[in-house]
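Engineer: Contents of my_file_12.cif (mmCIF, C-alpha atoms and all ligand atoms):
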```cif
data_my_file
loop_
_atom_site.label_atom_id
_atom_site.label_comp_id
_atom_site.auth_asym_id
_atom_site.auth_seq_id
_atom_site.Cartn_x
_atom_site.Cartn_y
_atom_site.Cartn_z
CA MET S 118 -3.69 1.14 0.47
CA ALA S 119 -4.12 4.87 0.16
CA ALA S 120 -5.63 7.06 2.85
CA HIS S 121 -8.67 9.05 1.74
CA GLU S 122 -9.57 12.55 2.71
CA GLY S 123 -12.04 12.50 5.56
CA ASP S 124 -10.77 9.25 7.08
CA SER S 125 -11.00 9.35 10.83
CA PHE S 126 -7.95 8.84 13.00
CA TRP S 127 -9.19 5.34 13.70
CA GLU S 128 -9.44 4.59 9.97
CA ARG S 129 -5.94 5.88 9.42
CA GLN S 130 -4.75 3.56 12.16
CA LEU S 131 -6.44 0.65 10.40
CA LEU S 132 -4.54 1.44 7.23
CA GLU S 133 -1.48 0.31 9.14
CA GLU S 134 -2.12 -3.28 8.15
CA ALA S 135 -0.69 -4.74 11.37
CA ALA S 136 -3.59 -3.13 13.26
CA VAL S 137 -6.36 -4.95 11.38
CA PRO S 138 -6.41 -8.44 12.96
CA MET S 139 -6.40 -7.04 16.50
CA ALA S 140 -9.02 -4.39 15.67
CA TYR S 141 -11.21 -7.12 14.15
CA ARG S 142 -11.02 -9.16 17.34
CA GLN S 143 -11.79 -6.12 19.49
CA ASP S 144 -14.45 -4.43 17.39
CA PRO S 145 -15.41 -6.51 14.33
CA LEU S 146 -18.42 -4.37 13.39
CA ARG S 147 -16.28 -1.28 13.16
CA VAL S 148 -13.79 -3.08 10.92
CA GLN S 149 -16.67 -4.32 8.74
CA GLY S 150 -17.85 -0.70 8.49
CA PHE S 151 -14.41 0.45 7.40
CA TYR S 152 -14.34 -2.09 4.56
CA ASN S 153 -18.00 -1.43 3.69
CA ALA S 154 -17.03 2.20 3.08
CA ARG S 155 -14.05 1.20 0.93
CA ARG S 156 -16.25 -1.22 -1.06
CA ARG S 157 -18.82 1.55 -1.70
CA ARG S 158 -16.10 3.92 -2.90
CA LEU S 159 -15.08 1.45 -5.66
CA ALA S 160 -18.10 2.46 -7.73
CA ALA S 161 -16.68 5.96 -8.12
CA LEU S 162 -13.35 4.69 -9.48
CA GLU S 163 -12.66 3.98 -13.13
CA PRO S 164 -9.95 1.87 -14.78
CA THR S 165 -7.03 3.96 -16.04
CA ALA S 166 -5.05 3.79 -19.28
CA ALA S 167 -2.58 1.52 -17.44
CA HIS S 168 -5.33 -0.97 -16.49
CA ARG S 169 -6.64 -0.96 -20.06
CA ALA S 170 -3.15 -1.42 -21.54
CA LEU S 171 -2.56 -4.55 -19.43
CA ALA S 172 -5.89 -6.01 -20.56
CA GLN S 173 -4.88 -5.29 -24.16
CA LEU S 174 -1.54 -7.04 -23.59
CA GLU S 175 -3.32 -10.10 -22.20
CA ALA S 176 -5.66 -10.23 -25.22
CA ALA S 177 -2.77 -10.04 -27.70
CA TRP S 178 -0.18 -12.16 -25.86
CA PRO S 179 0.47 -15.38 -27.83
CA GLY S 180 1.19 -17.68 -24.84
CA ASP S 181 -0.08 -18.06 -21.31
CA PHE S 182 -0.54 -14.77 -19.48
CA LEU S 183 -1.05 -14.13 -15.79
CA LEU S 184 -1.47 -10.79 -14.05
CA VAL S 185 -0.71 -10.90 -10.33
CA THR S 186 -1.89 -7.75 -8.59
CA ALA S 187 -1.44 -6.37 -5.09
CA ASN S 188 -4.60 -4.30 -5.56
CA ALA S 189 -7.86 -5.38 -3.93
CA ASP S 190 -10.12 -3.28 -6.20
CA ASP S 191 -11.83 -4.62 -9.35
CA LEU S 192 -10.38 -2.11 -11.83
CA HIS S 193 -8.32 -4.73 -13.71
CA GLU S 194 -11.45 -6.84 -14.20
CA ARG S 195 -13.44 -3.82 -15.35
CA ALA S 196 -10.66 -2.97 -17.84
CA GLY S 197 -10.97 -6.47 -19.32
CA SER S 198 -8.23 -8.51 -17.57
CA ARG S 199 -9.22 -12.17 -17.17
CA ALA S 200 -6.15 -14.20 -16.10
CA LEU S 201 -5.74 -12.40 -12.81
CA ILE S 202 -4.74 -13.18 -9.23
CA HIS S 203 -5.33 -10.75 -6.37
CA LEU S 204 -2.41 -11.62 -4.15
CA PHE S 205 -3.88 -9.86 -1.12
CA GLY S 206 -7.55 -10.56 -1.72
CA GLU S 207 -10.50 -8.63 -3.12
CA LEU S 208 -12.78 -5.97 -1.68
CA LEU S 209 -15.68 -7.43 -3.67
CA LYS S 210 -15.45 -10.86 -2.04
CA VAL S 211 -16.14 -12.15 1.45
CA ARG S 212 -14.98 -15.37 3.07
CA CYS S 213 -16.76 -17.58 5.58
CA THR S 214 -14.70 -18.32 8.68
CA GLU S 215 -16.84 -21.44 9.20
CA CYS S 216 -16.64 -23.24 5.81
CA HIS S 217 -13.81 -21.09 4.31
CA HIS S 218 -15.57 -20.54 0.97
CA ALA S 219 -15.12 -17.14 -0.69
CA HIS S 220 -18.08 -15.45 -2.41
CA PRO S 221 -18.59 -12.36 -4.59
CA TRP S 222 -20.06 -9.61 -2.39
CA ALA S 223 -21.02 -6.11 -3.49
CA GLU S 224 -23.22 -5.13 -0.54
CA ASP S 225 -22.39 -3.94 2.96
CA LEU S 226 -21.32 -6.70 5.34
CA ASP S 227 -22.44 -7.08 8.94
CA PHE S 228 -23.21 -9.89 11.36
CA SER S 229 -26.68 -10.47 9.99
CA SER S 230 -25.02 -11.54 6.70
CA CYS S 231 -25.48 -15.22 5.91
CA CYS S 232 -22.92 -17.49 4.18
CA PRO S 233 -24.27 -18.54 0.74
CA SER S 234 -22.48 -21.92 1.07
CA CYS S 235 -23.17 -23.17 4.60
CA ALA S 236 -25.91 -20.70 5.66
CA THR S 237 -24.07 -19.82 8.89
CA LEU S 238 -24.93 -16.35 10.18
CA GLY S 239 -22.37 -13.77 11.15
CA GLN S 240 -19.22 -15.59 10.03
CA LEU S 241 -18.42 -13.65 6.87
CA ARG S 242 -15.33 -11.41 6.81
CA PRO S 243 -13.66 -9.42 4.04
CA HIS S 244 -11.70 -11.69 1.66
CA LEU S 245 -8.52 -9.74 2.24
CA VAL S 246 -5.11 -10.83 3.43
CA TRP S 247 -4.47 -9.24 6.80
CA TYR S 248 -1.20 -8.97 8.63
CA GLY S 249 0.24 -12.40 9.44
CA GLU S 250 -1.92 -14.22 6.87
CA PRO S 251 -0.36 -15.83 3.75
CA PRO S 252 -0.89 -14.31 0.27
CA LEU S 253 -3.44 -16.08 -1.94
CA GLU S 254 -2.99 -18.62 -4.74
CA MET S 255 0.78 -18.95 -4.32
CA GLU S 256 0.85 -22.44 -5.88
CA ARG S 257 -0.64 -21.13 -9.10
CA ILE S 258 1.84 -18.24 -9.07
CA HIS S 259 4.84 -20.55 -8.50
CA ALA S 260 3.72 -22.75 -11.42
CA ALA S 261 3.38 -19.72 -13.74
CA LEU S 262 6.78 -18.35 -12.71
CA ALA S 263 8.51 -21.68 -13.40
CA GLN S 264 7.52 -21.50 -17.09
CA CYS S 265 7.67 -17.73 -17.50
CA THR S 266 9.43 -16.30 -20.58
CA CYS S 267 8.70 -12.61 -19.96
CA PHE S 268 8.41 -11.25 -16.41
CA LEU S 269 7.30 -7.66 -15.83
CA ALA S 270 7.22 -6.11 -12.36
CA LEU S 271 5.21 -2.88 -12.34
CA GLY S 272 4.37 -0.51 -9.53
CA THR S 273 5.27 1.36 -6.41
CA PRO S 274 8.00 0.06 -4.07
CA GLY S 275 5.33 -1.55 -1.85
CA HIS S 276 3.89 -3.45 -4.80
CA LEU S 277 7.32 -4.39 -6.14
CA HIS S 278 8.29 -6.09 -2.91
CA PRO S 279 6.54 -9.43 -3.58
CA ALA S 280 7.51 -9.24 -7.26
CA VAL S 281 11.21 -9.04 -6.40
CA GLY S 282 10.87 -12.38 -4.57
CA PHE S 283 9.11 -13.84 -7.63
CA LEU S 284 12.09 -12.88 -9.80
CA GLU S 285 14.17 -15.66 -8.23
CA GLU S 286 11.71 -18.26 -9.55
CA VAL S 287 11.82 -17.09 -13.17
CA PRO S 288 13.93 -19.28 -15.56
CA PRO S 289 17.29 -17.75 -16.55
CA PHE S 290 16.27 -17.47 -20.23
CA ALA S 291 13.26 -15.23 -19.42
CA ARG S 292 13.19 -11.51 -20.21
CA THR S 293 12.86 -9.56 -16.97
CA LEU S 294 11.89 -5.90 -16.69
CA VAL S 295 10.97 -3.70 -13.75
CA LEU S 296 9.02 -0.45 -14.01
CA SER S 297 9.05 1.55 -10.81
CA ALA S 298 6.73 4.48 -10.14
CA GLU S 299 9.58 6.32 -8.41
CA PRO S 300 12.88 6.92 -10.23
CA GLY S 301 15.76 5.38 -8.31
CA ALA S 302 13.52 2.86 -6.50
CA GLU S 303 13.99 0.08 -9.07
CA PRO S 304 15.21 -3.09 -7.36
CA ASP S 305 18.32 -4.92 -8.59
CA GLY S 306 18.35 -8.21 -10.43
CA PHE S 307 16.26 -7.28 -13.47
CA GLN S 308 17.73 -7.17 -16.98
CA GLU S 309 15.87 -3.93 -17.79
CA ARG S 310 14.90 -1.13 -15.42
CA ARG S 311 12.62 1.81 -16.07
CA ALA S 312 10.86 4.40 -13.94
CA GLY S 313 7.99 6.85 -14.16
CA PRO S 314 4.27 7.20 -13.54
CA ALA S 315 2.38 4.00 -14.35
CA LEU S 316 -0.33 5.99 -16.13
CA LEU S 317 2.18 6.95 -18.82
CA ARG S 318 4.83 4.25 -18.68
CA VAL S 319 2.62 1.14 -18.63
CA PRO S 320 0.78 2.02 -21.88
CA GLU S 321 4.15 2.91 -23.48
CA LEU S 322 5.67 -0.39 -22.39
CA VAL S 323 2.64 -2.38 -23.58
CA ALA S 324 2.75 -0.62 -26.98
CA GLU S 325 6.42 -1.54 -27.25
CA LEU S 326 5.77 -5.18 -26.34
CA LEU S 327 2.87 -5.40 -28.78
CA ALA S 328 5.03 -3.90 -31.56
CA GLY S 329 7.61 -6.61 -30.79
CA LEU S 330 4.95 -9.28 -31.33
CA ALA S 331 3.98 -7.98 -34.77
ZN ZN M 401 -19.88 -20.82 5.16
#
```
Before anything else, please render the file you have as structure tokens.
Ligand SMILES: [Zn+2]

Structural biologist:
Amino acid sequence: MAAHEGDSFWERQLLEEAAVPMAYRQDPLRVQGFYNARRRRLAALEPTAAHRALAQLEAAWPGDFLLVTANADDLHERAGSRALIHLFGELLKVRCTECHHAHPWAEDLDFSSCCPSCATLGQLRPHLVWYGEPPLEMERIHAALAQCTCFLALGTPGHLHPAVGFLEEVPPFARTLVLSAEPGAEPDGFQERRAGPALLRVPELVAELLAGLA
């Protein structure tokens, strides 16, 4: 999560993820408002060359492909990615605490919002993984890792953290490569290590992988 200019002190506190579950218990409307504002800001964002390159890689990849992202925005989808898991949830979904179904949700959320599945009022919360809650779709991720032949870990140190754990589940014959946004922050254990801004390095890497497929 990145802090935005104009965030109040309280909002900055919420960006410390450990604060969210307690804040939600104490003042759920205020937490809803915080995520409503983040959801609205998505419309002003556009997919980058890195998002588009990953969608291009998925389209050209000859075998199964799965993109696991730590991002909660919808920029990968808008760039064209289809086989995609949001490990920590999605800003454009809500979940019912009564029936546990998740639903697409582009509007503001408050306690007059009604669950589309069970029609309960006031039990919808952001479909995001908060501190102390397990990441999503881990079974599907474990299954993909067990048959993985090419494992790429891309991102900032915070995003690489879950990926480094995934590395241990990749078969020994798989190609493994890490691309870190910060030089010197690449974790150990990968066959290939690179560093640099994702905006430049991800499209370069994808072009190289696509050339290797030709
Ligand atoms: Zn429900």

Engineer: Kindly give the distance, in Å, that separates atom CA of S:Arg311 and atom CA of S:Leu296, rounded to a single decimal.

Structural biologist: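 Between these atoms lies a distance of 4.7 Å.
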
Engineer: May I ask you to write as an MDAnalysis selection string all residues lying at most 12 Å from ligand ZN 401 (chain M), with only C-alpha atoms and all ligand atoms counted?

Structural biologist: chainID S and resid 211:220 230:242

Engineer: Using Å and a single decimal, report how far atom CA of S:Glu309 sits from atom CA of S:Gly197.

Structural biologist: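 Atom CA of S:Gly197 sits 27.0 Å away from atom CA of S:Glu309.
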
Engineer: Between atom CA of S:Glu286 and atom CA of S:Ala260, what is the spacing in Å?

Structural biologist: 9.4 Å

Engineer: Measuring between all atoms listed in the file, which one of S:Cys265, S:Ala167, S:Ala298, S:Val148 shows the shortest distance to S:Arg310?

Structural biologist: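 Counting all atoms listed in the file, the residue closest to S:Arg310 is S:Ala298.
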
Engineer: Could you name the residues that touch S:Glu207 at 9 Å or less, counting all atoms listed in the file, but leaving out those on the same chain fewer than 4 positions away, as a PyMOL selection string?

Structural biologist: chain S and resi 188-191+203+211+243-246

Engineer: Have a look at S:Pro300, S:Pro251, S:Pro138, S:Arg156 and name the one nearest to S:Pro221; count all atoms listed in the file.

Structural biologist: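 Among the listed residues, the smallest separation from S:Pro221 belongs to S:Arg156.
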
Engineer: Determine the nearest neighbour of S:Leu317 from the options S:Leu284, S:Ala170, S:Ala160, S:Ala187, counting all atoms listed in the file.

Structural biologist: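 Under the stated criterion, the closest residue is S:Ala170.
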
Engineer: Taking all atoms listed in the file into account, name the residue in S:Ala261, S:Ala172, S:Leu162, S:Ala270 that is nearest to S:Glu194.

Structural biologist: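 The shortest atom-to-atom distance to S:Glu194 comes from S:Ala172.
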
Engineer: Ranking S:Ala177, S:Leu209, S:Ala166, S:Leu294 by minimum distance to S:Leu269 and counting all atoms listed in the file, which one comes first?

Structural biologist: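 Between S:Ala177, S:Leu209, S:Ala166, S:Leu294, the residue approaching S:Leu269 most closely is S:Leu294.
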
Engineer: Hey, which of S:Cys267, S:Ala324, S:Ala280, S:Ala196 ends up closest to S:Arg169? Count all atoms listed in the file.

Structural biologist: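 Result for the nearest residue to S:Arg169: S:Ala196.
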
Engineer: Taking all heavy atoms as the atom set, what does stretch 294-305 of chain S look like once completed, written as a short mmCIF file (atom, residue, chain, number, x, y, z; two decimals), in the coordinates of the input?

Structural biologist:
```cif
data_model
loop_
_atom_site.label_atom_id
_atom_site.label_comp_id
_atom_site.auth_asym_id
_atom_site.auth_seq_id
_atom_site.Cartn_x
_atom_site.Cartn_y
_atom_site.Cartn_z
N LEU S 294 11.92 -7.36 -16.62
CA LEU S 294 11.89 -5.90 -16.69
C LEU S 294 11.13 -5.35 -15.48
O LEU S 294 10.08 -5.88 -15.10
CB LEU S 294 11.19 -5.48 -17.99
CG LEU S 294 11.13 -4.00 -18.32
CD1 LEU S 294 11.13 -3.80 -19.84
CD2 LEU S 294 9.91 -3.31 -17.71
N VAL S 295 11.67 -4.34 -14.86
CA VAL S 295 10.97 -3.70 -13.75
C VAL S 295 10.65 -2.25 -14.12
O VAL S 295 11.49 -1.55 -14.71
CB VAL S 295 11.78 -3.77 -12.43
CG1 VAL S 295 13.12 -3.06 -12.55
CG2 VAL S 295 10.98 -3.21 -11.26
N LEU S 296 9.44 -1.84 -13.82
CA LEU S 296 9.02 -0.45 -14.01
C LEU S 296 8.57 0.08 -12.66
O LEU S 296 7.58 -0.38 -12.10
CB LEU S 296 7.86 -0.39 -15.02
CG LEU S 296 7.13 0.95 -15.16
CD1 LEU S 296 8.09 2.05 -15.59
CD2 LEU S 296 6.01 0.82 -16.17
N SER S 297 9.34 1.00 -12.13
CA SER S 297 9.05 1.55 -10.81
C SER S 297 8.39 2.92 -10.94
O SER S 297 8.77 3.71 -11.81
CB SER S 297 10.35 1.68 -10.02
OG SER S 297 10.13 2.47 -8.88
N ALA S 298 7.41 3.18 -10.09
CA ALA S 298 6.73 4.48 -10.14
C ALA S 298 7.68 5.61 -9.73
O ALA S 298 7.51 6.74 -10.16
CB ALA S 298 5.52 4.45 -9.23
N GLU S 299 8.66 5.28 -8.91
CA GLU S 299 9.58 6.32 -8.41
C GLU S 299 10.97 6.09 -8.96
O GLU S 299 11.56 5.04 -8.72
CB GLU S 299 9.62 6.27 -6.88
CG GLU S 299 8.31 6.67 -6.24
CD GLU S 299 8.30 6.37 -4.75
OE1 GLU S 299 9.38 6.32 -4.14
OE2 GLU S 299 7.20 6.18 -4.21
N PRO S 300 11.51 7.08 -9.70
CA PRO S 300 12.88 6.92 -10.23
C PRO S 300 13.87 6.63 -9.09
O PRO S 300 13.77 7.23 -8.02
CB PRO S 300 13.17 8.27 -10.87
CG PRO S 300 11.83 8.88 -11.12
CD PRO S 300 10.93 8.36 -10.05
N GLY S 301 14.76 5.72 -9.32
CA GLY S 301 15.76 5.38 -8.31
C GLY S 301 15.31 4.29 -7.37
O GLY S 301 16.10 3.79 -6.57
N ALA S 302 14.03 3.88 -7.43
CA ALA S 302 13.52 2.86 -6.50
C ALA S 302 13.51 1.47 -7.14
O ALA S 302 13.03 0.52 -6.53
CB ALA S 302 12.10 3.22 -6.05
N GLU S 303 14.03 1.37 -8.39
CA GLU S 303 13.99 0.08 -9.07
C GLU S 303 14.89 -0.92 -8.35
O GLU S 303 16.06 -0.64 -8.12
CB GLU S 303 14.46 0.20 -10.53
CG GLU S 303 13.78 1.28 -11.33
CD GLU S 303 14.54 2.59 -11.26
OE1 GLU S 303 15.13 2.87 -10.21
OE2 GLU S 303 14.53 3.31 -12.25
N PRO S 304 14.37 -2.09 -8.01
CA PRO S 304 15.21 -3.09 -7.36
C PRO S 304 16.22 -3.70 -8.32
O PRO S 304 16.05 -3.63 -9.54
CB PRO S 304 14.20 -4.14 -6.88
CG PRO S 304 12.99 -3.93 -7.71
CD PRO S 304 12.99 -2.51 -8.19
N ASP S 305 17.29 -4.27 -7.79
CA ASP S 305 18.32 -4.92 -8.59
C ASP S 305 17.83 -6.27 -9.09
O ASP S 305 16.83 -6.81 -8.61
CB ASP S 305 19.58 -5.14 -7.74
CG ASP S 305 20.22 -3.81 -7.36
OD1 ASP S 305 20.09 -2.85 -8.15
OD2 ASP S 305 20.83 -3.75 -6.28
#
```
